[in-house]
file target_38.cif (mmCIF, C-alpha atoms)
data_entry
#
loop_
_atom_site.group_PDB
_atom_site.id
_atom_site.type_symbol
_atom_site.label_atom_id
_atom_site.label_comp_id
_atom_site.auth_asym_id
_atom_site.auth_seq_id
_atom_site.Cartn_x
_atom_site.Cartn_y
_atom_site.Cartn_z
ATOM 1 C CA MET A 1 -5.493 -0.499 -15.707
ATOM 2 C CA LEU A 2 -9.046 0.771 -15.698
ATOM 3 C CA VAL A 3 -9.693 3.650 -13.320
ATOM 4 C CA PRO A 4 -13.325 4.630 -12.688
ATOM 5 C CA GLY A 5 -14.001 8.151 -13.850
ATOM 6 C CA THR A 6 -11.533 8.308 -16.727
ATOM 7 C CA SER A 7 -11.835 7.958 -20.457
ATOM 8 C CA GLU A 8 -10.392 4.457 -20.016
ATOM 9 C CA ASN A 9 -13.588 3.401 -18.296
ATOM 10 C CA PRO A 10 -16.353 5.663 -19.619
ATOM 11 C CA GLY A 11 -19.166 3.339 -18.613
ATOM 12 C CA VAL A 12 -18.360 3.806 -14.960
ATOM 13 C CA ALA A 13 -17.537 7.483 -15.363
ATOM 14 C CA GLN A 14 -20.990 8.309 -16.698
ATOM 15 C CA GLY A 15 -22.590 7.133 -13.471
ATOM 16 C CA LEU A 16 -20.463 9.308 -11.188
ATOM 17 C CA ARG A 17 -20.698 12.885 -9.985
ATOM 18 C CA LEU A 18 -18.265 15.377 -11.482
ATOM 19 C CA GLU A 19 -16.063 15.514 -8.387
ATOM 20 C CA ASP A 20 -15.957 11.693 -8.284
ATOM 21 C CA ARG A 21 -14.941 11.479 -11.931
ATOM 22 C CA ILE A 22 -12.163 14.001 -11.401
ATOM 23 C CA TYR A 23 -11.038 12.274 -8.185
ATOM 24 C CA TYR A 24 -10.672 8.934 -9.964
ATOM 25 C CA ASP A 25 -8.967 10.573 -12.925
ATOM 26 C CA LEU A 26 -6.366 12.222 -10.665
ATOM 27 C CA LEU A 27 -6.004 9.025 -8.641
ATOM 28 C CA GLY A 28 -5.259 7.163 -11.854
ATOM 29 C CA ARG A 29 -2.607 9.700 -12.802
ATOM 30 C CA ILE A 30 -0.910 9.322 -9.425
ATOM 31 C CA ARG A 31 -1.023 5.523 -9.566
ATOM 32 C CA SER A 32 0.300 5.418 -13.128
ATOM 33 C CA GLY A 33 3.165 7.809 -12.422
ATOM 34 C CA THR A 34 1.848 10.666 -14.566
ATOM 35 C CA TYR A 35 2.176 12.691 -11.371
ATOM 36 C CA PRO A 36 5.245 11.202 -9.616
ATOM 37 C CA LEU A 37 5.495 11.193 -5.845
ATOM 38 C CA GLY A 38 6.507 14.626 -4.578
ATOM 39 C CA THR A 39 5.302 16.377 -7.741
ATOM 40 C CA ARG A 40 3.537 19.729 -7.494
ATOM 41 C CA LEU A 41 0.048 19.417 -8.974
ATOM 42 C CA PRO A 42 -1.492 21.975 -11.319
ATOM 43 C CA THR A 43 -3.467 24.754 -9.652
ATOM 44 C CA GLU A 44 -7.215 24.609 -9.116
ATOM 45 C CA ASN A 45 -7.643 27.105 -11.951
ATOM 46 C CA GLU A 46 -5.529 24.949 -14.277
ATOM 47 C CA PHE A 47 -7.488 21.819 -13.397
ATOM 48 C CA ALA A 48 -10.769 23.684 -13.770
ATOM 49 C CA GLY A 49 -9.749 24.747 -17.257
ATOM 50 C CA GLU A 50 -8.606 21.248 -18.202
ATOM 51 C CA PHE A 51 -11.767 19.503 -16.992
ATOM 52 C CA GLY A 52 -14.179 22.309 -17.862
ATOM 53 C CA VAL A 53 -15.656 22.504 -14.349
ATOM 54 C CA SER A 54 -15.773 25.035 -11.540
ATOM 55 C CA ARG A 55 -13.047 25.430 -8.910
ATOM 56 C CA PRO A 56 -15.288 24.115 -6.068
ATOM 57 C CA VAL A 57 -15.600 20.799 -7.941
ATOM 58 C CA ILE A 58 -11.818 20.592 -8.274
ATOM 59 C CA ARG A 59 -11.407 21.572 -4.625
ATOM 60 C CA ALA A 60 -13.722 18.748 -3.532
ATOM 61 C CA ALA A 61 -11.804 16.177 -5.579
ATOM 62 C CA LEU A 62 -8.471 17.360 -4.158
ATOM 63 C CA ALA A 63 -9.930 17.233 -0.647
ATOM 64 C CA ARG A 64 -10.717 13.533 -1.134
ATOM 65 C CA LEU A 65 -7.139 12.899 -2.234
ATOM 66 C CA ARG A 66 -5.889 14.703 0.875
ATOM 67 C CA GLU A 67 -8.188 12.637 3.084
ATOM 68 C CA ALA A 68 -6.762 9.485 1.465
ATOM 69 C CA GLY A 69 -3.268 10.708 2.352
ATOM 70 C CA LEU A 70 -2.181 10.905 -1.284
ATOM 71 C CA VAL A 71 -1.990 14.669 -1.613
ATOM 72 C CA VAL A 72 -0.690 17.292 0.791
ATOM 73 C CA SER A 73 -1.199 21.061 0.629
ATOM 74 C CA ARG A 74 1.665 23.410 1.432
ATOM 75 C CA GLN A 75 0.730 26.957 2.284
ATOM 76 C CA GLY A 76 1.711 29.320 -0.464
ATOM 77 C CA ALA A 77 3.123 26.518 -2.614
ATOM 78 C CA GLY A 78 0.115 24.489 -3.740
ATOM 79 C CA SER A 79 -0.793 20.796 -3.661
ATOM 80 C CA PHE A 80 1.762 18.000 -3.954
ATOM 81 C CA VAL A 81 1.597 14.236 -4.346
ATOM 82 C CA HIS A 82 2.421 13.005 -0.859
ATOM 83 C CA THR A 83 5.726 11.231 -0.324
ATOM 84 C CA ASP A 84 6.064 10.728 3.415
ATOM 85 C CA ALA A 85 7.232 7.126 3.076
ATOM 86 C CA GLY A 86 9.722 7.681 5.843
ATOM 87 C CA ILE A 87 12.501 10.199 6.326
ATOM 88 C CA ARG A 88 15.887 8.635 5.815
ATOM 89 C CA ASP A 89 18.141 8.623 8.862
ATOM 90 C CA GLU A 90 21.654 9.914 8.209
ATOM 91 C CA SER A 91 23.212 6.610 9.218
ATOM 92 C CA THR A 92 20.694 3.981 8.152
ATOM 93 C CA GLY A 93 17.350 3.362 6.485
ATOM 94 C CA TYR A 94 16.008 3.624 2.947
ATOM 95 C CA GLU A 95 15.207 6.766 1.003
ATOM 96 C CA PRO A 96 11.505 7.644 0.716
ATOM 97 C CA LEU A 97 9.681 6.287 -2.323
ATOM 98 C CA GLY A 98 10.012 8.822 -5.102
ATOM 99 C CA SER A 99 8.281 7.298 -8.120
ATOM 100 C CA ILE A 100 6.108 4.484 -9.394
ATOM 101 C CA GLU A 101 9.336 2.764 -10.450
ATOM 102 C CA ASP A 102 10.466 2.963 -6.825
ATOM 103 C CA ILE A 103 7.281 1.216 -5.755
ATOM 104 C CA ALA A 104 7.873 -1.568 -8.286
ATOM 105 C CA ASP A 105 11.456 -1.970 -7.034
ATOM 106 C CA TYR A 106 10.194 -1.947 -3.464
ATOM 107 C CA PHE A 107 8.011 -4.969 -4.189
ATOM 108 C CA GLY A 108 10.887 -6.724 -5.926
ATOM 109 C CA PHE A 109 13.090 -6.188 -2.900
ATOM 110 C CA ARG A 110 10.353 -7.366 -0.553
ATOM 111 C CA ARG A 111 10.137 -10.641 -2.459
ATOM 112 C CA LEU A 112 13.882 -11.193 -2.177
ATOM 113 C CA LEU A 113 13.929 -10.310 1.506
ATOM 114 C CA GLU A 114 10.672 -11.588 2.962
ATOM 115 C CA CYS A 115 10.544 -14.910 1.175
ATOM 116 C CA GLU A 116 13.778 -15.847 2.901
ATOM 117 C CA VAL A 117 12.533 -14.361 6.178
ATOM 118 C CA ALA A 118 9.457 -16.598 5.970
ATOM 119 C CA ALA A 119 11.568 -19.669 5.198
ATOM 120 C CA LEU A 120 13.911 -19.033 8.135
ATOM 121 C CA ALA A 121 10.969 -18.278 10.411
ATOM 122 C CA ALA A 122 9.486 -21.666 9.491
ATOM 123 C CA GLU A 123 12.712 -23.413 10.398
ATOM 124 C CA ARG A 124 12.919 -21.690 13.793
ATOM 125 C CA CYS A 125 9.285 -21.164 14.809
ATOM 126 C CA THR A 126 8.333 -22.329 18.295
ATOM 127 C CA PRO A 127 4.805 -22.863 19.650
ATOM 128 C CA ALA A 128 5.086 -19.511 21.466
ATOM 129 C CA ASP A 129 6.086 -17.788 18.221
ATOM 130 C CA LEU A 130 3.133 -19.319 16.395
ATOM 131 C CA SER A 131 0.829 -18.133 19.165
ATOM 132 C CA ASP A 132 2.124 -14.595 18.609
ATOM 133 C CA LEU A 133 1.414 -14.824 14.883
ATOM 134 C CA HIS A 134 -2.111 -16.083 15.513
ATOM 135 C CA ALA A 135 -2.725 -13.225 17.952
ATOM 136 C CA LEU A 136 -1.694 -10.734 15.286
ATOM 137 C CA LEU A 137 -3.971 -12.402 12.745
ATOM 138 C CA HIS A 138 -6.871 -12.154 15.194
ATOM 139 C CA ARG A 139 -6.069 -8.463 15.601
ATOM 140 C CA ILE A 140 -6.199 -7.935 11.832
ATOM 141 C CA GLU A 141 -9.489 -9.845 11.578
ATOM 142 C CA ALA A 142 -10.969 -7.685 14.329
ATOM 143 C CA ASP A 143 -9.959 -4.553 12.414
ATOM 144 C CA ILE A 144 -11.516 -5.947 9.231
ATOM 145 C CA GLY A 145 -14.724 -6.714 11.110
ATOM 146 C CA ALA A 146 -14.797 -3.191 12.535
ATOM 147 C CA GLY A 147 -14.192 -1.622 9.136
ATOM 148 C CA GLN A 148 -10.871 -0.166 10.277
ATOM 149 C CA ALA A 149 -7.517 0.087 8.524
ATOM 150 C CA THR A 150 -5.407 -3.036 9.011
ATOM 151 C CA ILE A 151 -1.972 -1.586 8.277
ATOM 152 C CA ASP A 152 -0.808 -1.602 11.922
ATOM 153 C CA GLY A 153 -1.522 -5.308 12.267
ATOM 154 C CA ASP A 154 -0.054 -6.021 8.834
ATOM 155 C CA VAL A 155 3.195 -4.253 9.716
ATOM 156 C CA ALA A 156 3.367 -6.042 13.073
ATOM 157 C CA PHE A 157 2.812 -9.446 11.433
ATOM 158 C CA HIS A 158 5.708 -8.982 9.033
ATOM 159 C CA ALA A 159 7.927 -7.583 11.770
ATOM 160 C CA ARG A 160 7.217 -10.584 13.999
ATOM 161 C CA LEU A 161 8.192 -12.950 11.188
ATOM 162 C CA GLY A 162 11.477 -11.068 10.938
ATOM 163 C CA GLN A 163 12.064 -11.565 14.651
ATOM 164 C CA ILE A 164 11.203 -15.265 14.482
ATOM 165 C CA ALA A 165 13.684 -15.699 11.617
ATOM 166 C CA GLY A 166 16.383 -14.977 14.183
ATOM 167 C CA ASN A 167 18.681 -12.870 12.017
ATOM 168 C CA ARG A 168 18.938 -9.290 13.249
ATOM 169 C CA PHE A 169 19.899 -7.923 9.832
ATOM 170 C CA LEU A 170 16.889 -9.484 8.159
ATOM 171 C CA ALA A 171 14.647 -8.286 10.977
ATOM 172 C CA GLU A 172 16.045 -4.756 10.814
ATOM 173 C CA SER A 173 15.619 -4.673 7.042
ATOM 174 C CA VAL A 174 11.938 -5.584 7.415
ATOM 175 C CA GLU A 175 11.545 -2.843 10.020
ATOM 176 C CA MET A 176 13.171 -0.262 7.725
ATOM 177 C CA LEU A 177 10.515 -1.032 5.102
ATOM 178 C CA GLN A 178 7.633 -0.245 7.466
ATOM 179 C CA PRO A 179 7.236 3.429 6.442
ATOM 180 C CA HIS A 180 7.106 2.338 2.818
ATOM 181 C CA MET A 181 4.493 -0.324 3.628
ATOM 182 C CA ARG A 182 2.328 2.324 5.264
ATOM 183 C CA PHE A 183 2.677 4.681 2.328
ATOM 184 C CA VAL A 184 1.904 2.059 -0.303
ATOM 185 C CA ALA A 185 -1.162 0.968 1.701
ATOM 186 C CA ARG A 186 -2.720 4.353 0.942
ATOM 187 C CA PHE A 187 -3.036 3.389 -2.700
ATOM 188 C CA VAL A 188 -5.249 0.448 -1.778
ATOM 189 C CA ARG A 189 -7.271 2.528 0.694
ATOM 190 C CA SER A 190 -7.895 5.125 -1.999
ATOM 191 C CA LEU A 191 -9.689 2.599 -4.209
ATOM 192 C CA THR A 192 -13.421 1.980 -4.020
ATOM 193 C CA PRO A 193 -14.657 0.908 -0.553
ATOM 194 C CA SER A 194 -15.753 -2.505 -1.793
ATOM 195 C CA GLY A 195 -12.384 -3.036 -3.433
ATOM 196 C CA TYR A 196 -10.618 -2.157 -0.206
ATOM 197 C CA VAL A 197 -12.699 -4.639 1.783
ATOM 198 C CA ASN A 198 -11.945 -7.373 -0.750
ATOM 199 C CA ALA A 199 -8.264 -6.494 -0.646
ATOM 200 C CA LYS A 200 -8.126 -6.813 3.124
ATOM 201 C CA LYS A 201 -9.890 -10.167 3.044
ATOM 202 C CA ASN A 202 -7.533 -11.473 0.375
ATOM 203 C CA MET A 203 -4.553 -10.178 2.324
ATOM 204 C CA GLN A 204 -5.713 -12.026 5.406
ATOM 205 C CA ILE A 205 -6.088 -15.295 3.487
ATOM 206 C CA GLU A 206 -2.495 -14.850 2.336
ATOM 207 C CA HIS A 207 -1.325 -14.110 5.884
ATOM 208 C CA ARG A 208 -3.041 -17.263 7.106
ATOM 209 C CA ALA A 209 -1.262 -19.361 4.490
ATOM 210 C CA ILE A 210 2.094 -17.927 5.587
ATOM 211 C CA ALA A 211 1.385 -18.535 9.267
ATOM 212 C CA ASP A 212 0.160 -22.082 8.601
ATOM 213 C CA ALA A 213 3.342 -22.960 6.704
ATOM 214 C CA VAL A 214 5.541 -21.356 9.360
ATOM 215 C CA GLY A 215 3.651 -23.242 12.063
ATOM 216 C CA ARG A 216 4.270 -26.538 10.251
ATOM 217 C CA ASN A 217 7.990 -25.696 10.062
ATOM 218 C CA ASP A 218 7.698 -26.048 6.284
ATOM 219 C CA ALA A 219 10.302 -23.633 4.910
ATOM 220 C CA ALA A 220 9.505 -24.269 1.227
ATOM 221 C CA ALA A 221 5.781 -23.703 1.724
ATOM 222 C CA ALA A 222 6.399 -20.571 3.807
ATOM 223 C CA ARG A 223 8.671 -19.142 1.114
ATOM 224 C CA ALA A 224 6.078 -19.863 -1.581
ATOM 225 C CA ALA A 225 3.222 -18.415 0.503
ATOM 226 C CA MET A 226 5.150 -15.196 1.100
ATOM 227 C CA ASP A 227 5.993 -14.963 -2.590
ATOM 228 C CA ARG A 228 2.288 -15.223 -3.459
ATOM 229 C CA HIS A 229 1.437 -12.596 -0.845
ATOM 230 C CA VAL A 230 3.940 -10.010 -2.064
ATOM 231 C CA LYS A 231 2.959 -10.608 -5.704
ATOM 232 C CA ALA A 232 -0.710 -10.191 -4.791
ATOM 233 C CA SER A 233 0.072 -6.999 -2.873
ATOM 234 C CA GLU A 234 1.791 -5.608 -5.947
ATOM 235 C CA THR A 235 -1.192 -6.549 -8.072
ATOM 236 C CA ARG A 236 -3.526 -4.720 -5.692
ATOM 237 C CA ILE A 237 -1.496 -1.551 -6.207
ATOM 238 C CA PHE A 238 -0.939 -1.609 -9.942
ATOM 239 C CA ARG A 239 -4.122 -3.285 -11.187
ATOM 240 C CA GLY A 240 -6.570 -2.341 -8.478
ATOM 241 C CA ALA A 241 -7.904 -4.264 -5.516
ATOM 242 C CA GLN A 242 -10.954 -5.564 -7.372
ATOM 243 C CA ASN A 243 -8.754 -7.364 -9.902
ATOM 244 C CA ALA A 244 -6.425 -8.885 -7.291
ATOM 245 C CA GLY A 245 -8.545 -11.793 -6.155
#
call {"tool": "encode", "arguments": {"input": "target_38.cif", "output": "structure tokens"}}
result
Amino acid sequence: MLVPGTSENPGVAQGLRLEDRIYYDLLGRIRSGTYPLGTRLPTENEFAGEFGVSRPVIRAALARLREAGLVVSRQGAGSFVHTDAGIRDESTGYEPLGSIEDIADYFGFRRLLECEVAALAAERCTPADLSDLHALLHRIEADIGAGQATIDGDVAFHARLGQIAGNRFLAESVEMLQPHMRFVARFVRSLTPSGYVNAKKNMQIEHRAIADAVGRNDAAAARAAMDRHVKASETRIFRGAQNAG
């Protein structure tokens, strides 16, 4: 994985400001698991010493990570890699994501779950259900056109497929993954702006393929389209949005 601003991609790094180079370096460490979710980051002084820059430069890079939702500051304790992928209910729900390995397992579980959800939804989809899916796709396209985050529409699209599938346990399982979907989406949003735009467009193409197969009542095609979508989503996280298309 090449992350702009690191020694792995020096050609890009040389064209960036110091705070940008450090931001991308730290982003790469979070994405690779060098700093696992929930980990306390080194202090500004420690980072300044490591990178050979002033504390204000480090502070600016950390501020960008906070704005992206990847880092949270706790008064008196320092900065931590954010892990608010949902708080587990005592009686139900999944534990928050705690590592890069968790994220990989999350995608594996999504493939097992949502491919079957898509297939069942195709078998049971009515014209009214298809109309709902198209309305959600229009909502996502409007958000893309406005330059806004699409995660709300994305979550709603997958939830509606779970409802159409007609199995409450499948539908509830999809709903329990929603906090994790929102958390993982931050990794894509924290990439370069152009990469994020490309990722959203690719995601929407994948959503369209799923909806088309469901609308045709083609269970095999719906299963395959969902499988491609989840695999592509994983690629956007671990290889970067610009390499996902």
call {"tool": "resolve_selection", "arguments": {"input": "target_38.cif", "expression": "the PyMOL selection byres ((chain A and resi 108-120) around 10)", "output": "MDAnalysis selection string"}}
result
chainID A and resid 102:107 121:125 158:159 161:167 170:171 173:174 177 210:211 213:214 217:231 234
call {"tool": "axis_aligned_box", "arguments": {"input": "target_38.cif", "around": "region 164-178 of chain A", "padding_each_side": "3 Å", "output": "lines of an AutoDock Vina configuration file"}}
result
center_x = 13.8
center_y = -8.0
center_z = 9.8
size_x = 18.3
size_y = 21.5
size_z = 15.4
call {"tool": "atom_distance", "arguments": {"input": "target_38.cif", "atom1": "CA of Leu136 (chain A)", "atom2": "CA of Asn202 (chain A)"}}
result
16.0 Å
call {"tool": "atom_distance", "arguments": {"input": "target_38.cif", "atom1": "CA of His134 (chain A)", "atom2": "CA of Met203 (chain A)"}}
result
14.7 Å
call {"tool": "closest_residue", "arguments": {"input": "target_38.cif", "among": "A:Arg74, A:His207, A:Arg31, A:Arg160", "to": "Ser99 (chain A)", "atoms": "only C-alpha atoms"}}
result
A:Arg31
